[in-house]
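Text of the file model.cif, holding mmCIF, C-alpha atoms:
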data_my_file
loop_
_atom_site.label_atom_id
_atom_site.label_comp_id
_atom_site.auth_asym_id
_atom_site.auth_seq_id
_atom_site.Cartn_x
_atom_site.Cartn_y
_atom_site.Cartn_z
CA MET A 650 60.50 -115.14 -104.79
CA ARG A 651 57.44 -113.24 -105.96
CA ARG A 652 56.19 -113.04 -102.36
CA ALA A 653 59.55 -111.73 -101.17
CA SER A 654 59.62 -109.01 -103.81
CA ALA A 655 56.03 -108.02 -102.97
CA ALA A 656 56.98 -107.74 -99.31
CA LEU A 657 60.00 -105.64 -100.24
CA ALA A 658 57.85 -103.36 -102.39
CA ALA A 659 55.36 -102.93 -99.53
CA LEU A 660 58.21 -102.13 -97.15
CA LEU A 661 59.65 -99.57 -99.56
CA LEU A 662 56.24 -97.95 -99.95
CA ALA A 663 55.72 -97.82 -96.19
CA ALA A 664 59.26 -96.68 -95.44
CA PRO A 665 58.77 -92.92 -96.01
CA VAL A 666 55.75 -92.92 -93.70
CA LEU A 667 57.52 -94.90 -90.97
CA ALA A 668 60.85 -93.16 -91.34
CA GLY A 669 59.27 -89.68 -91.54
CA THR A 670 57.75 -89.66 -88.07
CA ARG A 671 58.81 -90.09 -84.47
CA GLU A 672 56.38 -90.90 -81.72
CA VAL A 673 56.58 -88.87 -78.50
CA GLU A 674 54.65 -89.24 -75.29
CA LEU A 675 53.12 -86.16 -73.69
CA ARG A 676 51.85 -85.80 -70.15
CA LEU A 677 48.75 -83.65 -70.31
CA PRO A 678 46.86 -82.11 -67.39
CA VAL A 679 43.24 -82.96 -66.68
CA ARG A 680 41.34 -80.43 -64.65
CA PRO A 681 39.11 -81.55 -61.78
CA LYS A 682 35.37 -81.19 -62.17
CA LEU A 683 34.83 -79.60 -58.79
CA ALA A 684 35.90 -75.97 -58.47
CA ALA A 685 37.81 -76.10 -55.20
CA ALA A 686 41.06 -74.71 -53.82
CA GLY A 687 41.88 -78.17 -52.48
CA GLN A 688 42.01 -77.57 -48.72
CA GLU A 689 38.34 -77.17 -47.91
CA ARG A 690 36.51 -78.88 -45.07
CA VAL A 691 34.50 -81.75 -46.50
CA TYR A 692 31.86 -84.03 -45.09
CA VAL A 693 31.30 -87.39 -46.77
CA GLY A 694 27.83 -88.93 -46.63
CA PRO A 695 25.13 -89.98 -46.31
CA PHE A 696 24.92 -92.32 -49.30
CA MET A 697 21.74 -94.15 -50.27
CA ARG A 698 21.46 -97.60 -51.71
CA GLU A 699 19.37 -97.61 -54.83
CA SER A 700 18.21 -100.94 -56.11
CA GLN A 701 16.64 -101.38 -59.52
CA GLY A 702 15.14 -104.74 -58.49
CA ASP A 703 16.72 -106.69 -61.33
CA GLU A 704 15.71 -110.32 -61.26
CA GLY A 705 19.22 -111.50 -62.09
CA SER A 706 20.81 -109.71 -59.17
CA VAL A 707 21.96 -111.43 -55.99
CA GLN A 708 21.06 -110.32 -52.45
CA LEU A 709 24.08 -108.80 -50.73
CA GLY A 710 25.19 -109.62 -47.21
CA PHE A 711 26.68 -106.21 -46.41
CA ASP A 712 25.84 -102.51 -46.38
CA VAL A 713 26.93 -101.28 -49.82
CA ALA A 714 26.25 -97.59 -49.15
CA GLY A 715 28.09 -97.70 -45.81
CA GLU A 716 31.08 -99.51 -47.29
CA PHE A 717 31.27 -97.07 -50.20
CA GLU A 718 31.08 -94.10 -47.84
CA ARG A 719 33.94 -95.53 -45.75
CA TYR A 720 35.98 -96.26 -48.89
CA LEU A 721 35.45 -92.77 -50.33
CA ARG A 722 36.40 -91.10 -47.05
CA ARG A 723 39.65 -93.10 -46.91
CA LEU A 724 40.39 -92.38 -50.59
CA LEU A 725 39.90 -88.63 -50.22
CA ARG A 726 42.08 -88.57 -47.08
CA LYS A 727 44.83 -90.37 -48.97
CA GLU A 728 44.69 -88.64 -52.35
CA THR A 729 43.56 -85.08 -51.63
CA ARG A 730 44.40 -82.30 -49.19
CA PHE A 731 40.78 -81.83 -48.16
CA ASN A 732 40.06 -81.69 -44.46
CA ILE A 733 37.72 -84.68 -44.12
CA ILE A 734 35.39 -84.29 -41.16
CA PRO A 735 34.54 -87.46 -39.17
CA SER A 736 31.02 -88.75 -39.77
CA ILE A 737 28.24 -87.59 -37.48
CA GLU A 738 26.18 -90.33 -35.83
CA GLY A 739 22.57 -90.62 -36.83
CA VAL A 740 22.65 -88.56 -40.06
CA ARG A 741 20.12 -90.06 -42.44
CA PRO A 742 18.80 -88.73 -45.79
CA SER A 743 15.61 -86.73 -45.45
CA SER A 744 13.74 -89.02 -47.83
CA SER A 745 14.11 -92.40 -49.52
CA ASP A 746 13.63 -90.72 -52.90
CA SER A 747 17.10 -89.79 -54.17
CA LEU A 748 15.77 -87.01 -56.43
CA ALA A 749 13.88 -85.38 -53.56
CA VAL A 750 16.96 -85.64 -51.33
CA ALA A 751 19.15 -84.01 -53.99
CA ASN A 752 16.76 -81.05 -54.16
CA ASP A 753 16.31 -80.70 -50.40
CA SER A 754 18.79 -77.85 -49.98
CA GLU A 755 17.51 -77.08 -46.45
CA PHE A 756 18.61 -80.54 -45.27
CA TRP A 757 22.09 -80.10 -46.76
CA ARG A 758 22.41 -76.57 -45.43
CA GLN A 759 21.61 -77.79 -41.91
CA LEU A 760 24.10 -80.64 -42.24
CA GLY A 761 26.74 -78.23 -43.54
CA THR A 762 26.13 -75.88 -40.58
CA GLN A 763 26.24 -78.77 -38.10
CA ALA A 764 29.51 -80.15 -39.53
CA GLN A 765 30.96 -76.69 -40.34
CA VAL A 766 32.05 -77.74 -43.81
CA ASP A 767 32.49 -76.17 -47.25
CA PHE A 768 31.32 -79.20 -49.22
CA ILE A 769 29.20 -82.26 -48.61
CA ILE A 770 29.78 -85.28 -50.80
CA ALA A 771 26.77 -87.57 -50.84
CA GLY A 772 24.70 -89.44 -53.38
CA SER A 773 23.39 -92.85 -54.25
CA ILE A 774 24.88 -96.16 -55.19
CA ASP A 775 23.54 -99.22 -56.91
CA PHE A 776 25.73 -102.30 -56.85
CA GLN A 777 24.56 -105.54 -58.42
CA VAL A 778 26.10 -108.96 -58.46
CA GLN A 779 24.84 -110.98 -61.41
CA ASP A 780 25.21 -114.67 -62.03
CA ARG A 781 26.08 -114.63 -65.73
CA SER A 782 26.89 -118.31 -66.03
CA GLY A 783 25.46 -120.04 -69.05
CA TYR A 784 26.09 -122.20 -72.07
CA LYS A 785 28.07 -120.78 -74.95
CA THR A 786 28.85 -122.22 -78.39
CA GLU A 787 32.50 -123.02 -78.96
CA GLU A 788 34.50 -124.34 -81.93
CA TYR A 789 36.10 -127.72 -81.41
CA VAL A 790 38.56 -129.51 -83.75
CA SER A 791 38.39 -133.26 -83.29
CA PRO A 792 41.81 -134.87 -82.79
CA ILE A 793 40.41 -138.05 -84.34
CA ASP A 794 39.16 -136.87 -87.75
CA GLY A 795 40.50 -133.27 -87.75
CA ARG A 796 37.06 -131.83 -88.50
CA THR A 797 35.60 -128.77 -86.81
CA TYR A 798 32.55 -129.23 -84.64
CA TYR A 799 30.56 -126.84 -82.50
CA ARG A 800 29.82 -127.72 -78.91
CA GLN A 801 28.06 -126.15 -75.96
CA VAL A 802 30.24 -125.35 -72.96
CA LEU A 803 29.23 -124.06 -69.56
CA VAL A 804 30.92 -120.72 -68.84
CA GLU A 805 30.85 -119.72 -65.20
CA GLN A 806 30.94 -115.96 -64.72
CA THR A 807 29.93 -113.41 -62.14
CA GLY A 808 29.17 -109.85 -63.21
CA PHE A 809 29.54 -106.79 -60.99
CA ALA A 810 27.73 -103.63 -62.01
CA TYR A 811 28.10 -100.22 -60.40
CA ASP A 812 25.92 -97.19 -60.80
CA ILE A 813 27.08 -94.35 -58.58
CA LEU A 814 25.73 -90.83 -58.51
CA LEU A 815 27.96 -88.40 -56.65
CA ASN A 816 26.19 -85.26 -55.49
CA ILE A 817 28.34 -82.45 -54.15
CA TYR A 818 26.61 -79.73 -52.14
CA ASP A 819 27.75 -76.35 -50.96
CA GLY A 820 27.95 -76.65 -47.16
CA ARG A 821 26.79 -73.07 -46.59
CA THR A 822 23.84 -72.79 -48.94
CA GLY A 823 22.91 -76.48 -49.33
CA LYS A 824 22.78 -76.03 -53.10
CA LEU A 825 23.85 -78.84 -55.41
CA VAL A 826 27.10 -77.69 -57.05
CA LEU A 827 28.09 -80.81 -58.99
CA GLN A 828 26.48 -84.07 -60.00
CA GLU A 829 28.72 -86.78 -61.38
CA PRO A 830 27.48 -90.19 -62.53
CA LEU A 831 29.96 -93.09 -62.53
CA LYS A 832 29.14 -96.43 -64.09
CA ASP A 833 31.19 -99.57 -64.38
CA PHE A 834 30.72 -103.23 -65.18
CA GLN A 835 33.20 -106.05 -64.71
CA GLU A 836 33.09 -109.80 -65.14
CA ARG A 837 34.96 -112.43 -63.16
CA PRO A 838 35.54 -115.88 -64.62
CA GLU A 839 34.12 -117.70 -61.65
CA ARG A 840 30.67 -118.57 -60.37
CA ASN A 841 29.69 -117.28 -56.92
CA PHE A 842 32.72 -114.99 -56.90
CA ASP A 843 32.92 -113.29 -53.51
CA GLU A 844 30.72 -110.18 -53.74
CA PHE A 845 32.78 -108.18 -51.24
CA THR A 846 36.02 -108.81 -53.19
CA GLY A 847 34.17 -108.04 -56.43
CA MET A 848 32.88 -104.75 -55.08
CA PHE A 849 36.33 -103.51 -54.11
CA ALA A 850 37.92 -104.78 -57.34
CA ASN A 851 35.40 -102.58 -59.17
CA LEU A 852 36.06 -99.64 -56.89
CA PHE A 853 39.80 -99.83 -57.52
CA ALA A 854 39.06 -99.69 -61.25
CA LEU A 855 36.94 -96.59 -60.62
CA GLU A 856 39.48 -94.93 -58.34
CA ASN A 857 41.10 -92.77 -61.01
CA ARG A 858 37.76 -91.45 -62.20
CA LEU A 859 36.61 -90.77 -58.65
CA ILE A 860 39.76 -88.86 -57.78
CA GLY A 861 39.56 -86.94 -61.05
CA VAL A 862 36.37 -85.26 -59.82
CA PHE A 863 38.27 -83.59 -56.98
CA VAL A 864 41.93 -83.12 -57.90
CA PRO A 865 43.89 -82.45 -61.11
CA ARG A 866 45.50 -85.45 -62.78
CA THR A 867 47.79 -86.04 -65.73
CA VAL A 868 47.16 -88.37 -68.64
CA LYS A 869 49.68 -89.80 -71.06
CA SER A 870 49.03 -89.32 -74.75
CA LYS A 871 51.07 -90.08 -77.86
CA ARG A 872 51.75 -87.72 -80.77
CA LEU A 873 53.75 -87.92 -83.97
CA LEU A 874 56.55 -85.53 -84.85
CA PHE A 875 57.65 -85.30 -88.48
CA THR A 876 61.33 -85.68 -89.23
CA PRO A 877 62.92 -84.11 -92.31
CA MET B 496 74.04 -95.49 -66.11
CA THR B 497 77.23 -93.54 -67.00
CA ARG B 498 77.09 -95.05 -70.49
CA TRP B 499 73.97 -92.95 -71.15
CA LEU B 500 75.04 -89.86 -69.24
CA LEU B 501 77.99 -89.02 -71.47
CA PRO B 502 76.16 -89.08 -74.86
CA ALA B 503 73.25 -87.19 -73.32
CA ALA B 504 75.59 -84.52 -71.97
CA VAL B 505 77.36 -84.25 -75.33
CA ALA B 506 74.03 -83.91 -77.14
CA LEU B 507 72.88 -81.25 -74.69
CA VAL B 508 76.09 -79.26 -75.10
CA ALA B 509 75.77 -79.58 -78.88
CA LEU B 510 72.18 -78.39 -78.80
CA THR B 511 73.04 -75.46 -76.56
CA ALA B 512 75.97 -74.53 -78.73
CA CYS B 513 73.79 -74.66 -81.81
CA SER B 514 71.18 -72.43 -80.24
CA SER B 515 73.68 -69.81 -79.17
CA SER B 516 75.93 -69.48 -82.18
CA GLY B 517 76.07 -70.14 -85.87
CA SER B 518 72.41 -71.14 -86.10
CA GLN B 519 71.55 -68.31 -88.47
CA SER B 520 72.74 -70.37 -91.40
CA LEU B 521 70.79 -73.54 -90.54
CA SER B 522 68.18 -74.59 -93.03
CA ALA B 523 64.55 -75.19 -92.06
CA GLU B 524 65.17 -78.93 -92.28
CA ASP B 525 68.13 -78.72 -89.90
CA GLU B 526 66.10 -76.67 -87.46
CA MET B 527 63.33 -79.25 -87.69
CA ARG B 528 65.77 -82.10 -87.09
CA PHE B 529 67.19 -80.40 -84.00
CA GLY B 530 63.67 -79.67 -82.82
CA VAL B 531 62.57 -83.28 -83.14
CA ASP B 532 65.68 -84.44 -81.32
CA ALA B 533 65.07 -81.96 -78.50
CA GLY B 534 61.40 -82.95 -78.30
CA ARG B 535 62.22 -86.63 -78.09
CA ARG B 536 64.52 -85.89 -75.16
CA GLY B 537 61.85 -83.79 -73.46
CA TYR B 538 63.53 -80.39 -74.03
CA TRP B 539 60.34 -78.82 -75.27
CA GLN B 540 61.42 -75.18 -74.88
CA GLU B 541 64.37 -75.87 -77.17
CA ALA B 542 62.07 -77.72 -79.58
CA LEU B 543 59.71 -74.73 -79.62
CA PHE B 544 62.59 -72.40 -80.46
CA ARG B 545 63.69 -74.70 -83.29
CA PHE B 546 60.27 -75.22 -84.83
CA GLU B 547 59.45 -71.51 -84.69
CA ARG B 548 62.67 -70.79 -86.57
CA ALA B 549 61.89 -73.52 -89.09
CA ILE B 550 58.41 -72.10 -89.69
CA ALA B 551 59.81 -68.61 -90.11
CA LYS B 552 61.65 -70.04 -93.10
CA GLU B 553 58.80 -72.19 -94.44
CA PRO B 554 55.53 -70.77 -93.11
CA ALA B 555 53.22 -73.05 -95.13
CA ASN B 556 54.89 -76.35 -94.24
CA GLY B 557 52.19 -78.52 -92.65
CA GLU B 558 54.62 -80.97 -91.09
CA MET B 559 56.56 -78.21 -89.35
CA LEU B 560 53.33 -76.66 -88.17
CA ASN B 561 52.28 -80.05 -86.80
CA ASN B 562 55.55 -80.31 -84.87
CA LEU B 563 55.06 -76.83 -83.48
CA ALA B 564 51.51 -77.72 -82.40
CA VAL B 565 52.73 -80.86 -80.59
CA THR B 566 55.37 -78.77 -78.83
CA GLN B 567 52.85 -76.16 -77.78
CA GLU B 568 50.72 -78.98 -76.36
CA ALA B 569 53.70 -80.35 -74.43
CA LEU B 570 54.27 -76.90 -72.95
CA GLY B 571 50.61 -76.51 -71.95
CA ARG B 572 49.85 -73.78 -74.51
CA PHE B 573 46.66 -75.50 -75.62
CA ASP B 574 44.92 -72.54 -77.26
CA ASP B 575 48.01 -71.88 -79.38
CA ALA B 576 48.22 -75.60 -80.21
CA LEU B 577 44.62 -75.59 -81.43
CA ALA B 578 45.30 -72.68 -83.78
CA THR B 579 48.54 -74.24 -85.03
CA TYR B 580 46.92 -77.63 -85.68
CA LYS B 581 44.29 -75.82 -87.75
CA ASP B 582 47.01 -74.09 -89.75
CA ALA B 583 48.77 -77.43 -90.26
CA LEU B 584 45.58 -79.03 -91.55
CA LYS B 585 44.96 -76.05 -93.80
CA ALA B 586 48.42 -76.55 -95.30
CA GLU B 587 48.06 -80.34 -95.62
CA PRO B 588 44.41 -81.33 -95.30
CA LYS B 589 44.95 -84.93 -96.38
CA ASN B 590 47.91 -85.76 -94.17
CA GLN B 591 46.74 -88.72 -92.05
CA ASN B 592 49.35 -88.22 -89.33
CA ILE B 593 48.39 -84.59 -88.78
CA ARG B 594 44.73 -85.59 -88.72
CA ARG B 595 45.50 -88.31 -86.20
CA ASN B 596 47.40 -85.91 -83.93
CA TYR B 597 44.64 -83.35 -84.24
CA ALA B 598 41.95 -85.92 -83.38
CA ARG B 599 43.82 -86.97 -80.24
CA PHE B 600 44.41 -83.36 -79.28
CA ALA B 601 40.77 -82.45 -79.87
CA GLU B 602 39.64 -85.33 -77.65
CA PHE B 603 41.91 -84.16 -74.85
CA TYR B 604 41.17 -80.47 -75.35
CA SER B 605 37.40 -80.89 -75.19
CA SER B 606 37.59 -82.71 -71.85
CA TYR B 607 40.21 -80.27 -70.57
CA ALA B 608 38.05 -77.31 -71.47
CA ARG B 609 35.04 -78.93 -69.77
CA GLY B 610 36.94 -79.25 -66.49
CA VAL B 611 36.97 -76.35 -64.10
CA ARG B 612 39.99 -74.38 -63.04
CA PRO B 613 40.92 -74.88 -59.40
CA LYS B 614 40.09 -71.76 -57.37
CA ALA B 615 43.75 -71.01 -56.61
CA GLU B 616 44.67 -71.13 -60.31
CA ALA B 617 41.68 -68.97 -61.23
CA ASN B 618 42.75 -66.35 -58.68
CA GLU B 619 46.32 -66.34 -59.95
CA THR B 620 45.26 -65.48 -63.49
CA ARG B 621 43.08 -62.56 -62.46
#

Show me, as structure tokens, the structure contained in the file I just sent.
Amino acid sequence: MRRASAALAALLLAAPVLAGTREVELRLPVRPKLAAAGQERVYVGPFMRESQGDEGSVQLGFDVAGEFERYLRRLLRKETRFNIIPSIEGVRPSSSDSLAVANDSEFWRQLGTQAQVDFIIAGSIDFQVQDRSGYKTEEYVSPIDGRTYYRQVLVEQTGFAYDILLNIYDGRTGKLVLQEPLKDFQERPERNFDEFTGMFANLFALENRLIGVFVPRTVKSKRLLFTP
Amino acid sequence: MTRWLLPAAVALVALTACSSSGSQSLSAEDEMRFGVDAGRRGYWQEALFRFERAIAKEPANGEMLNNLAVTQEALGRFDDALATYKDALKAEPKNQNIRRNYARFAEFYSSYARGVRPKAEANETR
């Protein structure tokens, strides 16, 4: 009885707050980070693979930079109105040092002239597959005596980490106009989870952020309106 | 489907009728109620009209100012919304719901302001 009256009192106290507001959902615009009209000629690539040499990482059996480049080209064709120029055979970064490549405006200017484009989207990518399996402590209630014990269980997990740096260059001057870092980490509850599937699962999660660099988006957000 | 269409149409007609005639005598609370109803249905221009009228009657009412700020946000008038949220907080600095709305708006507004205007949009405003 006492509990019921306490609950009623709490409800009565909360009632003005709950009854006095109405939640509404707004769709708000998010501007792109790249200043573009949206119909420019764009060249995608070359991307470099950057490896941090982490001991826990697994050797990959495919070309991460090439796959990312192909994926990004397809994504931009689908989601933007940019005129994506087909890739030119034999284009390689001028150096293996990503910082030096980013500052080599002469290289990007030449590529822009060759491809006749307004923007060049290039950069570096680091993708790591990590075996994160290990023993973890877990609570266990014995069905025999009902007591709680702690036990070690083997948790099999594979981690996928992305570190992408998108560099966008002006195709006419070769100058870097935008640099956008994108990082993501995901875990899969399975050991030796297929690295190729894992890579694309991560990329799909990043898709919205990637697109947001180039085209405007809308986000949903909730607000409270007061009622009299 | 038709079950919803009829009440919606009646409500719309009622709202339109209210905005065109006899609304001079409505109290600030009535204006606010109509505004909230319009906002919930997505008729933000109507909500703006209502909240502005309500505020004309009670200029220091933080809750009404909050509603006006939300409406300005919904209509894309973000600079106005920022100023109105500030006024609402000035009127009711301890109101948790206004603070919550303002925090969410500020988060959005800072990222929106960081983004660049597309070239076409920038040219249009010149």

Translate the PyMOL selection byres ((chain B and resi 592) around 12), as applied to the file shown, into an explicit residue set as a tab-separated table (two decimals) with C-alpha atoms, in the coordinates of the input.
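Writing the result to part.tsv gives the following:
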chain	number	residue	atom	x	y	z
A	666	VAL	CA	55.75	-92.92	-93.70
A	667	LEU	CA	57.52	-94.90	-90.97
A	669	GLY	CA	59.27	-89.68	-91.54
A	670	THR	CA	57.75	-89.66	-88.07
A	671	ARG	CA	58.81	-90.09	-84.47
A	672	GLU	CA	56.38	-90.90	-81.72
A	871	LYS	CA	51.07	-90.08	-77.86
A	872	ARG	CA	51.75	-87.72	-80.77
A	873	LEU	CA	53.75	-87.92	-83.97
A	874	LEU	CA	56.55	-85.53	-84.85
A	875	PHE	CA	57.65	-85.30	-88.48
B	557	GLY	CA	52.19	-78.52	-92.65
B	558	GLU	CA	54.62	-80.97	-91.09
B	561	ASN	CA	52.28	-80.05	-86.80
B	562	ASN	CA	55.55	-80.31	-84.87
B	565	VAL	CA	52.73	-80.86	-80.59
B	580	TYR	CA	46.92	-77.63	-85.68
B	583	ALA	CA	48.77	-77.43	-90.26
B	584	LEU	CA	45.58	-79.03	-91.55
B	587	GLU	CA	48.06	-80.34	-95.62
B	588	PRO	CA	44.41	-81.33	-95.30
B	589	LYS	CA	44.95	-84.93	-96.38
B	590	ASN	CA	47.91	-85.76	-94.17
B	591	GLN	CA	46.74	-88.72	-92.05
B	593	ILE	CA	48.39	-84.59	-88.78
B	594	ARG	CA	44.73	-85.59	-88.72
B	595	ARG	CA	45.50	-88.31	-86.20
B	596	ASN	CA	47.40	-85.91	-83.93
B	597	TYR	CA	44.64	-83.35	-84.24
B	598	ALA	CA	41.95	-85.92	-83.38
B	599	ARG	CA	43.82	-86.97	-80.24

Checklist entry - What is the distance between CA of Lys682 (chain A) and CA of Gln765 (chain A), in Å to one decimal? => result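 These two atoms are separated by 22.7 Å.
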
Checklist entry - For the file shown, what are the residues hit by the PyMOL selection byres ((chain A and resi 865-867) around 8), laid out as a list in words? => result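 Selected by the PyMOL selection byres ((chain A and resi 865-867) around 8) in this file: Arg676, Leu677, Pro678, Val679, Arg680, Pro681, Gly861, Phe863, Val864, Val868 and Lys869 of chain A.
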
Checklist entry - Applied to the shown file, which residues does the PyMOL selection byres ((chain A and resi 729) around 12) return, written as a list of chain:residue names? => result A:Pro681, A:Ala685, A:Ala686, A:Gly687, A:Gln688, A:Glu689, A:Arg690, A:Val691, A:Leu721, A:Arg722, A:Arg723, A:Leu724, A:Leu725, A:Arg726, A:Lys727, A:Glu728, A:Arg730, A:Phe731, A:Asn732, A:Ile733, A:Leu859, A:Ile860, A:Gly861, A:Val862, A:Phe863, A:Val864, A:Pro865, A:Arg866

Checklist entry - Which residues come within 10 Å of Gln763 (chain A), counting all atoms listed in the file, excluding same-chain residues fewer than 5 positions away, as a ChimeraX atom specification? => result /A:737,757-758,820

Store the residues picked out above, limited to C-alpha atoms, as a PDB file, in the coordinates of the input.
ATOM      1  CA  ILE A 737      28.240 -87.590 -37.480  1.00  0.00           C
ATOM      2  CA  TRP A 757      22.090 -80.100 -46.760  1.00  0.00           C
ATOM      3  CA  ARG A 758      22.410 -76.570 -45.430  1.00  0.00           C
ATOM      4  CA  GLY A 820      27.950 -76.650 -47.160  1.00  0.00           C
TER       5      GLY A 820
END

Item to check | Exercise: Gln567 (chain B) partners within 8 Å, all atoms listed in the file, chain neighbours under 5 positions left out, as number ranges by chain | outcome: B: 543, 572-573, 575-576

Item to check | Length of the CA of Tyr784 (chain A) to CA of Val802 (chain A) vector [Å] | outcome: 5.3 Å

Checklist entry - How far is it from CA of Asp753 (chain A) to CA of Val766 (chain A), in Å with one decimal? => result 17.3 Å

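These residues, each with an atom at most 12 Å from (67.9, -76.2, -91.6) using all atoms listed in the file, are Thr876 and Pro877 of chain A; Cys513, Gly517, Ser518, Gln519, Ser520, Leu521, Ser522, Ala523, Glu524, Asp525, Glu526, Met527, Arg528, Phe529, Gly530, Arg545, Phe546, Glu547, Arg548, Ala549, Ile550, Ala551, Lys552, Glu553 and Met559 of chain B.
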
Item to check | Pick from A:Ser870, A:Ile769, A:Tyr811, A:Asn851, whichever lies nearest to Leu683 (chain A) using only C-alpha atoms | outcome: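 The closest residue to Leu683 (chain A) is A:Ile769.
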
Item to check | Selected residue of minimal separation from chain A among B:Leu577, B:Glu568, B:Ala555, B:Phe544, counting all atoms listed in the file | outcome: B:Glu568

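Nearest-residue note for chain A: choosing from B:Glu602, B:Glu541, B:Asp582, B:Asp574, the minimum distance belongs to B:Glu602, counting all atoms listed in the file.
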
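For the residues A:Ser791, A:Thr822, A:Gln828, A:Thr846, ranking by smallest atom-to-atom distance to Thr807 (chain A) using all atoms listed in the file places A:Thr846 first.
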
3 Å per side around region 798-817 of chain A: axis-aligned box centre and edge lengths, as lines of an AutoDock Vina configuration file:
center_x = 29.1
center_y = -105.8
center_z = -69.4
size_x = 12.8
size_y = 52.8
size_z = 36.5
